[in-house]
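A.B. asks: Following this line is protein-v9.cif, made up of mmCIF, C-alpha atoms:
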data_model
#
loop_
_atom_site.label_atom_id
_atom_site.label_comp_id
_atom_site.auth_asym_id
_atom_site.auth_seq_id
_atom_site.Cartn_x
_atom_site.Cartn_y
_atom_site.Cartn_z
CA MET A 995 -38.80 -13.66 -6.81
CA GLN A 996 -37.60 -10.51 -8.43
CA GLU A 997 -34.93 -10.76 -11.10
CA PHE A 998 -32.28 -8.09 -11.34
CA THR A 999 -31.29 -6.72 -14.70
CA LEU A 1000 -27.75 -5.74 -15.57
CA ALA A 1001 -28.85 -2.11 -15.74
CA GLN A 1002 -30.23 -2.26 -12.19
CA ILE A 1003 -27.05 -3.82 -10.84
CA LEU A 1004 -24.91 -1.24 -12.56
CA THR A 1005 -27.09 1.67 -11.39
CA ASN A 1006 -26.87 0.52 -7.79
CA LEU A 1007 -23.11 0.09 -8.01
CA LEU A 1008 -22.75 3.56 -9.45
CA ILE A 1009 -24.88 5.07 -6.68
CA ALA A 1010 -22.54 3.46 -4.15
CA THR A 1011 -19.55 4.76 -6.10
CA GLN A 1012 -20.54 8.28 -5.05
CA TRP A 1013 -19.75 7.31 -1.46
CA THR A 1014 -16.40 5.86 -2.49
CA ILE A 1015 -15.57 9.17 -4.14
CA ALA A 1016 -16.85 11.21 -1.18
CA LEU A 1017 -14.83 9.14 1.32
CA SER A 1018 -11.72 9.38 -0.87
CA ALA A 1019 -12.12 13.15 -1.10
CA ILE A 1020 -12.53 13.57 2.66
CA ALA A 1021 -9.56 11.30 3.38
CA PHE A 1022 -7.41 13.11 0.86
CA VAL A 1023 -8.27 16.63 2.01
CA GLY A 1024 -8.14 15.75 5.74
CA GLY A 1025 -5.03 13.64 5.23
CA GLY A 1026 -3.45 16.46 3.26
CA LEU A 1027 -3.99 18.98 6.07
CA VAL A 1028 -2.68 16.67 8.80
CA GLY A 1029 0.09 15.46 6.50
CA PHE A 1030 1.25 19.02 5.93
CA LEU A 1031 1.43 19.58 9.67
CA LEU A 1032 3.36 16.30 10.08
CA MET A 1033 5.82 17.38 7.42
CA LEU A 1034 6.38 20.73 9.18
CA MET A 1035 6.94 18.87 12.47
CA ARG A 1036 9.25 16.39 10.78
CA ILE A 1037 11.62 19.09 9.49
CA SER A 1038 11.51 21.01 12.76
CA ALA A 1039 14.72 21.53 14.71
CA ASN A 1040 12.92 20.69 17.97
CA ARG A 1041 13.69 17.06 18.80
CA VAL A 1042 10.44 16.34 20.65
CA ILE A 1043 8.22 17.70 17.88
CA LYS A 1044 10.28 15.85 15.30
CA GLY A 1045 10.11 12.64 17.34
CA ILE A 1046 6.32 12.76 17.62
CA SER A 1047 6.03 13.12 13.87
CA ILE A 1048 8.45 10.23 13.25
CA LEU A 1049 6.55 7.96 15.67
CA TYR A 1050 3.21 8.83 14.08
CA ILE A 1051 4.45 8.15 10.56
CA GLU A 1052 6.28 4.95 11.54
CA PHE A 1053 3.24 3.59 13.37
CA PHE A 1054 0.70 4.26 10.65
CA GLU A 1055 2.98 3.14 7.85
CA ALA A 1056 3.75 -0.14 9.61
CA THR A 1057 0.20 -1.19 10.54
CA PRO A 1058 -2.43 -2.47 8.13
CA LEU A 1059 -5.17 0.00 7.23
CA LEU A 1060 -7.69 -2.65 8.24
CA MET A 1061 -6.23 -2.70 11.77
CA GLN A 1062 -6.45 1.10 11.96
CA LEU A 1063 -10.12 0.90 10.97
CA PHE A 1064 -10.76 -1.70 13.68
CA LEU A 1065 -8.89 0.36 16.27
CA VAL A 1066 -11.00 3.45 15.53
CA PHE A 1067 -14.32 1.68 15.03
CA PHE A 1068 -14.20 -0.93 17.80
CA GLY A 1069 -11.26 0.12 19.97
CA ILE A 1070 -11.75 3.85 20.48
CA SER A 1071 -15.51 3.49 20.90
CA VAL A 1072 -15.00 1.04 23.78
CA LEU A 1073 -12.19 3.06 25.36
CA PHE A 1074 -13.89 6.46 25.36
CA GLY A 1075 -17.51 5.32 25.22
CA ILE A 1076 -18.09 7.24 22.00
CA ASN A 1077 -20.03 5.34 19.38
CA PHE A 1078 -18.73 6.34 15.98
CA SER A 1079 -20.87 5.60 12.97
CA ALA A 1080 -19.09 3.57 10.32
CA TRP A 1081 -18.96 6.73 8.21
CA VAL A 1082 -17.11 8.77 10.86
CA ALA A 1083 -14.79 5.90 11.81
CA ALA A 1084 -13.87 5.29 8.17
CA ALA A 1085 -13.21 9.00 7.63
CA ILE A 1086 -10.96 9.20 10.71
CA ALA A 1087 -8.99 6.02 9.94
CA LEU A 1088 -8.47 6.92 6.28
CA THR A 1089 -7.43 10.44 7.24
CA THR A 1090 -4.74 9.22 9.64
CA TYR A 1091 -3.57 6.65 7.09
CA THR A 1092 -3.38 9.23 4.28
CA SER A 1093 -1.72 11.85 6.50
CA ALA A 1094 1.14 9.52 7.46
CA TYR A 1095 1.99 8.66 3.85
CA LEU A 1096 1.54 12.20 2.53
CA GLY A 1097 3.61 13.58 5.41
CA ASP A 1098 6.39 11.17 4.47
CA ILE A 1099 6.17 11.92 0.73
CA TRP A 1100 6.23 15.68 1.35
CA ARG A 1101 9.12 15.46 3.79
CA GLY A 1102 11.06 13.71 1.04
CA SER A 1103 10.26 16.53 -1.39
CA VAL A 1104 11.29 19.23 1.08
CA GLU A 1105 14.55 17.41 1.77
CA ALA A 1106 15.16 17.03 -1.96
CA VAL A 1107 15.41 20.81 -2.29
CA PRO A 1108 19.16 21.54 -2.10
CA GLN A 1109 20.44 22.76 1.27
CA GLY A 1110 21.99 25.75 -0.51
CA GLN A 1111 18.51 27.15 -1.13
CA TRP A 1112 17.93 27.47 2.63
CA GLU A 1113 21.33 29.07 3.08
CA ALA A 1114 20.88 31.46 0.17
CA SER A 1115 17.51 32.68 1.43
CA LYS A 1116 18.95 33.03 4.92
CA ALA A 1117 21.75 35.13 3.48
CA LEU A 1118 19.07 37.37 1.96
CA GLY A 1119 17.89 38.09 5.50
CA MET A 1120 14.69 36.01 5.46
CA GLY A 1121 13.29 34.47 8.63
CA TYR A 1122 12.65 30.72 8.94
CA PHE A 1123 9.01 30.84 7.82
CA GLN A 1124 9.79 33.26 5.03
CA GLN A 1125 12.57 30.99 3.79
CA PHE A 1126 10.23 28.03 3.91
CA ARG A 1127 7.20 29.70 2.33
CA LYS A 1128 8.86 31.78 -0.38
CA VAL A 1129 11.84 29.66 -1.41
CA ILE A 1130 11.60 26.03 -0.30
CA LEU A 1131 7.88 25.30 -0.51
CA PRO A 1132 7.32 26.32 -4.16
CA GLN A 1133 10.17 24.03 -5.25
CA ALA A 1134 9.10 21.19 -2.97
CA VAL A 1135 5.49 21.32 -4.20
CA ARG A 1136 6.69 20.88 -7.76
CA LEU A 1137 8.74 17.83 -6.78
CA SER A 1138 5.93 16.27 -4.76
CA ILE A 1139 3.01 16.56 -7.19
CA PRO A 1140 3.56 13.30 -9.17
CA SER A 1141 3.84 11.07 -6.09
CA THR A 1142 0.96 12.88 -4.38
CA VAL A 1143 -1.32 12.16 -7.32
CA GLY A 1144 0.02 8.60 -7.38
CA PHE A 1145 -0.88 8.18 -3.72
CA ALA A 1146 -4.45 9.31 -4.44
CA VAL A 1147 -4.84 5.94 -6.19
CA GLN A 1148 -3.91 4.17 -2.95
CA VAL A 1149 -6.50 6.25 -1.08
CA VAL A 1150 -9.31 5.35 -3.50
CA LYS A 1151 -8.35 1.67 -3.24
CA GLY A 1152 -8.05 2.00 0.54
CA THR A 1153 -11.66 3.16 0.88
CA SER A 1154 -12.75 -0.34 -0.14
CA LEU A 1155 -11.69 -1.53 3.33
CA ALA A 1156 -14.31 0.74 4.91
CA SER A 1157 -16.82 -1.84 3.69
CA VAL A 1158 -15.49 -4.20 6.38
CA ILE A 1159 -16.84 -2.02 9.22
CA GLY A 1160 -20.17 -1.65 7.42
CA PHE A 1161 -19.80 1.59 5.53
CA VAL A 1162 -21.80 1.23 2.33
CA GLU A 1163 -19.57 2.19 -0.55
CA LEU A 1164 -18.76 0.40 -3.79
CA THR A 1165 -17.29 -2.78 -2.28
CA ARG A 1166 -19.99 -3.17 0.36
CA SER A 1167 -22.68 -2.56 -2.19
CA ALA A 1168 -21.09 -5.14 -4.51
CA SER A 1169 -21.11 -7.71 -1.67
CA SER A 1170 -24.78 -7.05 -0.92
CA ILE A 1171 -25.81 -7.16 -4.56
CA SER A 1172 -23.87 -10.37 -5.17
CA ASN A 1173 -25.60 -11.93 -2.15
CA VAL A 1174 -29.01 -11.06 -3.56
CA THR A 1175 -28.42 -11.86 -7.21
CA PHE A 1176 -26.13 -14.90 -6.77
CA GLN A 1177 -23.93 -13.50 -9.52
CA PRO A 1178 -20.65 -12.80 -7.70
CA PHE A 1179 -18.58 -13.21 -10.86
CA LEU A 1180 -20.50 -10.50 -12.72
CA VAL A 1181 -20.93 -8.11 -9.79
CA TYR A 1182 -17.32 -8.17 -8.57
CA SER A 1183 -16.08 -7.81 -12.15
CA LEU A 1184 -18.26 -4.72 -12.59
CA ALA A 1185 -17.04 -3.29 -9.28
CA ALA A 1186 -13.44 -3.91 -10.34
CA VAL A 1187 -14.06 -2.13 -13.64
CA ILE A 1188 -15.58 0.87 -11.83
CA TYR A 1189 -12.56 1.08 -9.50
CA PHE A 1190 -10.31 0.81 -12.52
CA CYS A 1191 -12.13 3.71 -14.19
CA LEU A 1192 -11.57 5.81 -11.06
CA CYS A 1193 -7.91 4.89 -10.51
CA PHE A 1194 -6.42 4.43 -13.95
CA PRO A 1195 -6.81 8.08 -15.06
CA LEU A 1196 -5.12 9.15 -11.81
CA SER A 1197 -2.25 6.72 -12.45
CA LEU A 1198 -1.81 7.98 -16.00
CA TRP A 1199 -1.92 11.59 -14.84
CA SER A 1200 0.70 10.91 -12.14
CA ARG A 1201 3.00 9.30 -14.70
CA ARG A 1202 2.57 12.17 -17.14
CA LEU A 1203 3.41 14.72 -14.44
CA GLU A 1204 6.48 12.72 -13.50
CA ARG A 1205 7.74 12.74 -17.09
CA GLN A 1206 6.99 16.45 -17.49
CA PHE A 1207 8.82 17.44 -14.34
CA SER A 1208 11.82 15.24 -14.99
CA TYR A 1209 12.35 16.85 -18.41
CA ASP A 1210 12.18 20.35 -16.96
CA ARG A 1211 14.93 19.85 -14.45
CA MET B 1172 -13.70 7.52 30.66
CA ASP B 1173 -14.86 4.71 32.94
CA TYR B 1174 -13.30 1.99 30.86
CA THR B 1175 -10.19 0.34 32.28
CA PRO B 1176 -8.11 -1.39 29.65
CA GLN B 1177 -7.10 -4.88 30.72
CA PHE B 1178 -4.32 -6.37 28.75
CA SER B 1179 -4.58 -9.76 30.43
CA VAL B 1180 -6.54 -10.91 27.40
CA VAL B 1181 -3.35 -10.37 25.41
CA TRP B 1182 -0.99 -12.07 27.88
CA ASN B 1183 -3.32 -15.06 28.27
CA ASN B 1184 -3.50 -15.70 24.56
CA LEU B 1185 0.11 -15.19 23.52
CA GLY B 1186 0.20 -18.69 22.01
CA LEU B 1187 -2.72 -17.88 19.77
CA PHE B 1188 -1.10 -14.62 18.66
CA ALA B 1189 2.17 -16.42 17.95
CA GLN B 1190 0.24 -18.88 15.82
CA GLY B 1191 -1.38 -15.95 14.01
CA ILE B 1192 2.01 -14.38 13.29
CA PHE B 1193 3.29 -17.71 12.00
CA LEU B 1194 0.27 -18.12 9.69
CA THR B 1195 0.64 -14.54 8.44
CA LEU B 1196 4.30 -15.14 7.62
CA GLN B 1197 3.43 -18.44 5.97
CA ILE B 1198 0.88 -16.80 3.66
CA VAL B 1199 3.23 -13.92 2.85
CA VAL B 1200 6.25 -16.13 2.17
CA VAL B 1201 4.33 -18.47 -0.14
CA ALA B 1202 2.69 -15.52 -1.92
CA ILE B 1203 6.02 -13.77 -2.47
CA ALA B 1204 7.71 -16.99 -3.60
CA CYS B 1205 4.97 -17.27 -6.25
CA GLY B 1206 4.82 -13.53 -6.93
CA LEU B 1207 8.52 -13.03 -7.71
CA PRO B 1208 8.54 -15.40 -10.74
CA ILE B 1209 5.31 -13.70 -11.90
CA GLY B 1210 7.12 -10.38 -11.57
CA ILE B 1211 10.12 -11.61 -13.57
CA ALA B 1212 7.86 -12.98 -16.32
CA GLY B 1213 5.86 -9.76 -16.28
CA ALA B 1214 8.97 -7.61 -16.52
CA LEU B 1215 10.24 -9.64 -19.47
CA GLY B 1216 6.83 -9.16 -21.10
CA ARG B 1217 6.82 -5.42 -20.40
CA THR B 1218 10.26 -4.98 -21.99
CA SER B 1219 9.58 -7.42 -24.84
CA HIS B 1220 9.34 -6.28 -28.46
CA ASN B 1221 6.57 -8.79 -29.09
CA ARG B 1222 3.44 -6.64 -29.18
CA LEU B 1223 1.05 -9.26 -27.81
CA LEU B 1224 3.27 -10.17 -24.85
CA ASN B 1225 3.90 -6.51 -24.12
CA TRP B 1226 0.20 -5.70 -24.22
CA LEU B 1227 -0.73 -8.66 -22.01
CA ALA B 1228 1.87 -7.75 -19.40
CA THR B 1229 0.80 -4.09 -19.42
CA ALA B 1230 -2.88 -4.98 -19.08
CA TYR B 1231 -2.06 -7.30 -16.15
CA VAL B 1232 -0.02 -4.68 -14.34
CA GLU B 1233 -2.46 -1.82 -14.88
CA PHE B 1234 -5.52 -3.83 -13.94
CA PHE B 1235 -4.13 -5.20 -10.69
CA ARG B 1236 -2.51 -1.94 -9.63
CA ASN B 1237 -5.66 0.07 -10.19
CA THR B 1238 -8.22 -2.07 -8.37
CA PRO B 1239 -8.46 -2.66 -4.60
CA PHE B 1240 -6.95 -5.83 -3.15
CA LEU B 1241 -10.22 -6.60 -1.33
CA ILE B 1242 -12.15 -6.69 -4.63
CA GLN B 1243 -9.48 -8.95 -6.16
CA LEU B 1244 -9.75 -11.24 -3.16
CA PHE B 1245 -13.57 -11.37 -3.34
CA PHE B 1246 -13.36 -12.01 -7.06
CA PHE B 1247 -11.07 -15.01 -6.58
CA PHE B 1248 -12.93 -16.43 -3.59
CA PHE B 1249 -16.59 -15.68 -4.45
CA GLY B 1250 -16.50 -14.91 -8.17
CA LEU B 1251 -14.43 -17.75 -9.60
CA PRO B 1252 -16.43 -20.62 -7.99
CA SER B 1253 -19.49 -19.49 -9.96
CA ILE B 1254 -17.65 -20.38 -13.15
CA GLY B 1255 -16.44 -23.64 -11.67
CA VAL B 1256 -13.04 -22.76 -10.21
CA ARG B 1257 -13.20 -23.64 -6.54
CA MET B 1258 -10.52 -23.05 -3.96
CA SER B 1259 -10.11 -22.92 -0.19
CA SER B 1260 -9.90 -19.54 1.52
CA TRP B 1261 -6.17 -20.12 2.10
CA GLN B 1262 -5.56 -20.85 -1.58
CA ALA B 1263 -7.59 -17.83 -2.66
CA ALA B 1264 -5.70 -15.64 -0.17
CA VAL B 1265 -2.27 -16.76 -1.40
CA LEU B 1266 -3.32 -16.53 -5.05
CA ALA B 1267 -4.71 -13.01 -4.69
CA LEU B 1268 -1.70 -11.82 -2.70
CA ALA B 1269 0.76 -13.40 -5.17
CA ILE B 1270 -0.93 -11.91 -8.24
CA ASN B 1271 -1.18 -8.50 -6.58
CA PHE B 1272 2.48 -8.61 -5.50
CA GLY B 1273 3.45 -9.83 -8.97
CA ALA B 1274 1.93 -6.75 -10.61
CA TYR B 1275 3.97 -4.38 -8.43
CA ALA B 1276 7.10 -6.55 -8.74
CA THR B 1277 6.75 -6.40 -12.53
CA GLU B 1278 7.05 -2.62 -12.51
CA ILE B 1279 9.96 -2.68 -10.06
CA MET B 1280 11.89 -5.24 -12.10
CA ARG B 1281 11.13 -3.51 -15.39
CA ALA B 1282 12.80 -0.39 -13.97
CA GLY B 1283 15.78 -2.57 -12.99
CA ILE B 1284 16.10 -4.05 -16.48
CA GLU B 1285 15.74 -0.68 -18.19
CA GLY B 1286 18.20 0.91 -15.78
CA ILE B 1287 21.19 -1.02 -17.08
CA ASP B 1288 23.38 1.31 -19.09
CA HIS B 1289 24.77 -0.24 -22.26
CA SER B 1290 28.13 1.49 -21.79
CA GLN B 1291 28.53 -0.55 -18.60
CA ILE B 1292 28.43 -3.74 -20.65
CA GLU B 1293 31.01 -2.31 -23.04
CA ALA B 1294 33.19 -1.37 -20.09
CA GLY B 1295 32.92 -4.96 -18.89
CA MET B 1296 34.03 -6.24 -22.29
CA ALA B 1297 36.95 -3.81 -22.29
CA LEU B 1298 38.04 -5.27 -18.96
CA GLY B 1299 38.16 -8.70 -20.61
CA PHE B 1300 35.11 -10.23 -18.86
CA ASN B 1301 33.51 -13.15 -20.64
CA LYS B 1302 29.75 -13.30 -21.26
CA MET B 1303 28.91 -15.09 -18.01
CA GLN B 1304 31.02 -12.68 -15.98
CA ILE B 1305 29.38 -9.70 -17.64
CA PHE B 1306 25.91 -11.09 -16.99
CA ARG B 1307 26.74 -11.75 -13.35
CA HIS B 1308 28.88 -8.78 -12.34
CA VAL B 1309 27.63 -6.06 -14.69
CA ILE B 1310 23.97 -6.88 -15.28
CA LEU B 1311 22.44 -9.12 -12.62
CA VAL B 1312 23.98 -8.01 -9.34
CA PRO B 1313 23.85 -4.23 -9.97
CA ALA B 1314 20.24 -4.51 -11.23
CA LEU B 1315 19.28 -6.48 -8.12
CA GLY B 1316 21.03 -3.91 -5.95
CA LYS B 1317 19.09 -1.11 -7.60
CA ILE B 1318 15.65 -2.66 -7.26
CA TYR B 1319 16.30 -4.12 -3.82
CA PRO B 1320 14.96 -1.21 -1.69
CA ALA B 1321 11.75 -0.98 -3.75
CA LEU B 1322 11.29 -4.73 -3.51
CA VAL B 1323 11.66 -4.65 0.27
CA SER B 1324 9.02 -1.90 0.55
CA GLN B 1325 6.71 -4.01 -1.57
CA ILE B 1326 7.26 -7.02 0.69
CA VAL B 1327 6.35 -4.86 3.70
CA ILE B 1328 3.17 -3.79 1.88
CA ALA B 1329 2.38 -7.45 1.20
CA VAL B 1330 2.62 -8.16 4.96
CA LEU B 1331 0.19 -5.30 5.65
CA PHE B 1332 -2.16 -6.39 2.84
CA SER B 1333 -2.21 -9.94 4.18
CA SER B 1334 -4.41 -8.70 7.05
CA VAL B 1335 -7.21 -8.24 4.50
CA VAL B 1336 -7.43 -11.99 3.81
CA SER B 1337 -9.11 -12.37 7.21
CA GLN B 1338 -12.20 -11.13 5.36
CA ILE B 1339 -12.55 -14.43 3.51
CA SER B 1340 -11.82 -16.30 6.78
CA ALA B 1341 -8.27 -17.23 5.88
CA GLU B 1342 -6.58 -17.73 9.24
CA GLU B 1343 -3.78 -15.34 10.12
CA LEU B 1344 -2.98 -12.66 12.70
CA THR B 1345 -5.97 -10.38 12.03
CA PHE B 1346 -8.29 -13.38 11.97
CA VAL B 1347 -6.99 -14.36 15.42
CA GLY B 1348 -7.75 -10.80 16.58
CA ASN B 1349 -11.31 -10.91 15.28
CA PHE B 1350 -11.84 -14.31 16.85
CA LEU B 1351 -10.62 -13.16 20.29
CA GLN B 1352 -12.52 -9.89 20.00
CA SER B 1353 -15.78 -11.69 19.38
CA ARG B 1354 -15.25 -13.80 22.50
CA THR B 1355 -13.93 -11.24 24.97
CA PHE B 1356 -15.15 -7.86 23.60
CA ARG B 1357 -11.74 -6.46 24.57
CA SER B 1358 -11.46 -4.82 21.16
CA PHE B 1359 -9.17 -1.93 22.10
CA GLU B 1360 -6.57 -4.09 23.84
CA ILE B 1361 -6.58 -6.78 21.17
CA TYR B 1362 -6.39 -4.49 18.16
CA LEU B 1363 -3.73 -2.31 19.76
CA ALA B 1364 -1.63 -5.39 20.56
CA ILE B 1365 -2.03 -6.72 17.02
CA SER B 1366 -1.14 -3.33 15.53
CA LEU B 1367 2.07 -3.36 17.56
CA MET B 1368 2.78 -6.92 16.44
CA TYR B 1369 2.53 -5.77 12.81
CA VAL B 1370 4.88 -2.89 13.61
CA GLY B 1371 7.30 -5.42 15.12
CA LEU B 1372 7.02 -7.72 12.12
CA VAL B 1373 7.70 -4.85 9.74
CA TRP B 1374 10.71 -3.75 11.77
CA VAL B 1375 12.18 -7.24 11.84
CA ILE B 1376 11.74 -7.54 8.07
CA LYS B 1377 13.34 -4.13 7.53
CA LEU B 1378 16.24 -5.05 9.83
CA ILE B 1379 16.91 -8.33 8.03
CA ALA B 1380 16.63 -6.53 4.70
CA TYR B 1381 19.14 -3.93 5.89
CA GLY B 1382 21.56 -6.67 6.92
CA ILE B 1383 21.28 -8.33 3.52
CA GLN B 1384 21.82 -5.02 1.80
CA GLN B 1385 24.96 -4.30 3.82
CA LYS B 1386 26.33 -7.75 3.01
CA PHE B 1387 25.50 -8.11 -0.68
CA PHE B 1388 24.64 -4.70 -2.06
CA ALA B 1389 26.94 -2.38 -0.14
CA PHE B 1390 28.36 -1.20 -3.49
CA THR B 1391 25.05 0.50 -4.40
CA LYS B 1392 26.14 3.64 -2.57
CA TYR B 1393 28.80 4.11 -5.23
CA ILE B 1394 26.52 3.76 -8.24
CA ARG B 1395 23.78 6.10 -9.27
#
Hey, can you dump this file as structure tokens for me?

C.D. replies:
Amino acid sequence: MQEFTLAQILTNLLIATQWTIALSAIAFVGGGLVGFLLMLMRISANRVIKGISILYIEFFEATPLLMQLFLVFFGISVLFGINFSAWVAAAIALTTYTSAYLGDIWRGSVEAVPQGQWEASKALGMGYFQQFRKVILPQAVRLSIPSTVGFAVQVVKGTSLASVIGFVELTRSASSISNVTFQPFLVYSLAAVIYFCLCFPLSLWSRRLERQFSYDR
Amino acid sequence: MDYTPQFSVVWNNLGLFAQGIFLTLQIVVVAIACGLPIGIAGALGRTSHNRLLNWLATAYVEFFRNTPFLIQLFFFFFGLPSIGVRMSSWQAAVLALAINFGAYATEIMRAGIEGIDHSQIEAGMALGFNKMQIFRHVILVPALGKIYPALVSQIVIAVLFSSVVSQISAEELTFVGNFLQSRTFRSFEIYLAISLMYVGLVWVIKLIAYGIQQKFFAFTKYIR
């Protein structure tokens, strides 16, 4: 029987980490795009558009990410007869999950910009989109950056659930390696340390941004 | 689309789902009951002037907030037995959920402790309150009122996280779903129904929390 060295275990975990990072990046970019759209819908004056956005956010914020993964991977494939690979299903589920939270965070930032700013830009003769793009958005982006970076940590941690539907990323790879080497204590500790190395800098960065921006105001 | 959803699998197994909801609530309630004292101890550590305690509490919070819950769960259930600490899947589930919740609760409570303005205490003294009255009316209740919304959100997150413990075969709502799915292959109907049950659970918790806030912490709208 082949023995595995610590270096081999670590190398394999790090190879799998690339997929964790790739999935996080896709979820964050995709979630950001959809989240931005949700935020626009959420602040719309049209009740139907607003309602759709509220329902979407409420649903995805009140269901476990694991359930969303199951719905996409098992549910949608049965319903529409499309067979998603674990990779595609994980990307879709994490994108919807991220979009709901980012949409909510960004709505909060837009609403935190004083109402007077809208009125002032209106008084200057700007149209709705001009008001939003040139006056409100730049201020809202500033307010939203710390919590957006903070949420990136949740996304990285969330990708670990993709292992459940068979997508091979860090957690899945750790499970497989621990099954082969019979060293679950070592392997899961290493995986935890790798996740920590990914997430902790993001957490620190988010906190630093928060401090910076709160001094400026 | 030739697939016709049939929700009879949901109606026929309502008892099983109800049992799943009960087990989910049981795990969450026990985990939070254990996690809150951990959070209080952690917050005292985080605000302590003792360097060692402060460092320990900080390390605990940072480590558990920056690693995925699933890895923590696997570590407790698969990792610890290899060094001789054995536990059932239910115990591992509650332990992992409690320690995870405790880390977030620590940060929430620390903010509550640090948020108390010293001039408030002086104002209390000026009004002739004794020490117990100051602790109760000026420190404890306002601090609780301030951290209450964040604590409720964290409890909701704990309910959602509890679905993950199905992965070590701890029985709860998601476990019931996986069990039924493997027998009937009605995955869409079952997972949709369970998702809606989680939405319902979260709403009920939020509603109860709102009621409690109106009754005990209605004053928080007047303080910053």

A.B. asks: Identify all residues satisfying the PyMOL selection byres ((chain A) within 8 of (chain B)) in the given file; provide them as a ChimeraX atom specification.

C.D. replies: /A:1053,1056-1062,1064-1065,1068-1070,1072-1075,1147,1151-1152,1154-1155,1158,1165,1177-1180,1182-1183,1185-1187,1189-1190,1193-1194,1197

A.B. asks: Keeping C-alpha atoms, export the residues of the selection given above as a tab-separated table (two decimals), keeping the file's coordinate frame.

C.D. replies:
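Output saved as result-v4.tsv:
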chain	number	residue	atom	x	y	z
A	1053	PHE	CA	3.24	3.59	13.37
A	1056	ALA	CA	3.75	-0.14	9.61
A	1057	THR	CA	0.20	-1.19	10.54
A	1058	PRO	CA	-2.43	-2.47	8.13
A	1059	LEU	CA	-5.17	0.00	7.23
A	1060	LEU	CA	-7.69	-2.65	8.24
A	1061	MET	CA	-6.23	-2.70	11.77
A	1062	GLN	CA	-6.45	1.10	11.96
A	1064	PHE	CA	-10.76	-1.70	13.68
A	1065	LEU	CA	-8.89	0.36	16.27
A	1068	PHE	CA	-14.20	-0.93	17.80
A	1069	GLY	CA	-11.26	0.12	19.97
A	1070	ILE	CA	-11.75	3.85	20.48
A	1072	VAL	CA	-15.00	1.04	23.78
A	1073	LEU	CA	-12.19	3.06	25.36
A	1074	PHE	CA	-13.89	6.46	25.36
A	1075	GLY	CA	-17.51	5.32	25.22
A	1147	VAL	CA	-4.84	5.94	-6.19
A	1151	LYS	CA	-8.35	1.67	-3.24
A	1152	GLY	CA	-8.05	2.00	0.54
A	1154	SER	CA	-12.75	-0.34	-0.14
A	1155	LEU	CA	-11.69	-1.53	3.33
A	1158	VAL	CA	-15.49	-4.20	6.38
A	1165	THR	CA	-17.29	-2.78	-2.28
A	1177	GLN	CA	-23.93	-13.50	-9.52
A	1178	PRO	CA	-20.65	-12.80	-7.70
A	1179	PHE	CA	-18.58	-13.21	-10.86
A	1180	LEU	CA	-20.50	-10.50	-12.72
A	1182	TYR	CA	-17.32	-8.17	-8.57
A	1183	SER	CA	-16.08	-7.81	-12.15
A	1185	ALA	CA	-17.04	-3.29	-9.28
A	1186	ALA	CA	-13.44	-3.91	-10.34
A	1187	VAL	CA	-14.06	-2.13	-13.64
A	1189	TYR	CA	-12.56	1.08	-9.50
A	1190	PHE	CA	-10.31	0.81	-12.52
A	1193	CYS	CA	-7.91	4.89	-10.51
A	1194	PHE	CA	-6.42	4.43	-13.95
A	1197	SER	CA	-2.25	6.72	-12.45

A.B. asks: In Å, rounded to a single decimal, give me how far CA of Trp1112 (chain A) is from CA of Phe1126 (chain A).

C.D. replies: 7.8 Å

A.B. asks: Sorted by chain and rising residue number, list the residues of region 1079-1172 of chain A at most 9 Å from region 1032-1038 of chain A (counting all atoms listed in the file), each with its closest atom pair and distance in Å to one decimal, as CSV.

C.D. replies:
residue,atom,partner,partner_atom,distance
A:Ser1093,CA,A:Leu1032,CA,7.6
A:Ala1094,CA,A:Leu1032,CA,7.6
A:Leu1096,CA,A:Met1033,CA,8.3
A:Gly1097,CA,A:Met1033,CA,4.8
A:Asp1098,CA,A:Met1033,CA,6.9
A:Ile1099,CA,A:Met1033,CA,8.6
A:Trp1100,CA,A:Met1033,CA,6.3
A:Arg1101,CA,A:Met1033,CA,5.3
A:Val1104,CA,A:Ile1037,CA,8.4
A:Glu1105,CA,A:Ile1037,CA,8.4

A.B. asks: Selected by the PyMOL selection byres ((chain B and resi 1344) around 7) in the shown coordinates: which residues, as a ChimeraX atom specification?

C.D. replies: /B:1188,1191-1192,1195,1343,1345-1348

A.B. asks: Give me the residues within 8 Å of Glu1278 (chain B) as an MDAnalysis selection string, counting only C-alpha atoms and dropping any in the same chain fewer than 6 places off.

C.D. replies: chainID B and resid 1210 1214 1232

A.B. asks: At what distance in Å, to one decimal, does CA of Leu1187 (chain B) lie from CA of Ser1353 (chain B)?

C.D. replies: 14.5 Å

A.B. asks: Just the residues within 7 Å of region 1018-1020 of chain A, please, counting all atoms listed in the file, with nothing from its chain fewer than 2 positions along; format it as a list in words.

C.D. replies: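 In the requested form, the answer reads Thr1014, Ile1015, Ala1016, Phe1022, Val1023, Gly1024, Ala1085, Val1149, Val1150 and Thr1153 of chain A.
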
A.B. asks: Would you write out, as a list in words, every residue that the PyMOL selection byres ((chain A and resi 1003-1005) around 9) captures in this file?

C.D. replies: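 On this input, the PyMOL selection byres ((chain A and resi 1003-1005) around 9) captures Phe998, Thr999, Leu1000, Ala1001, Gln1002, Asn1006, Leu1007, Leu1008, Ile1009, Ala1010, Ala1168, Ile1171, Thr1175, Val1181, Leu1184 and Ala1185 of chain A.
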
A.B. asks: Suppose you want the space between CA of Ser1179 (chain B) and CA of Ala1087 (chain A); what is it in Å?

C.D. replies: 26.2 Å
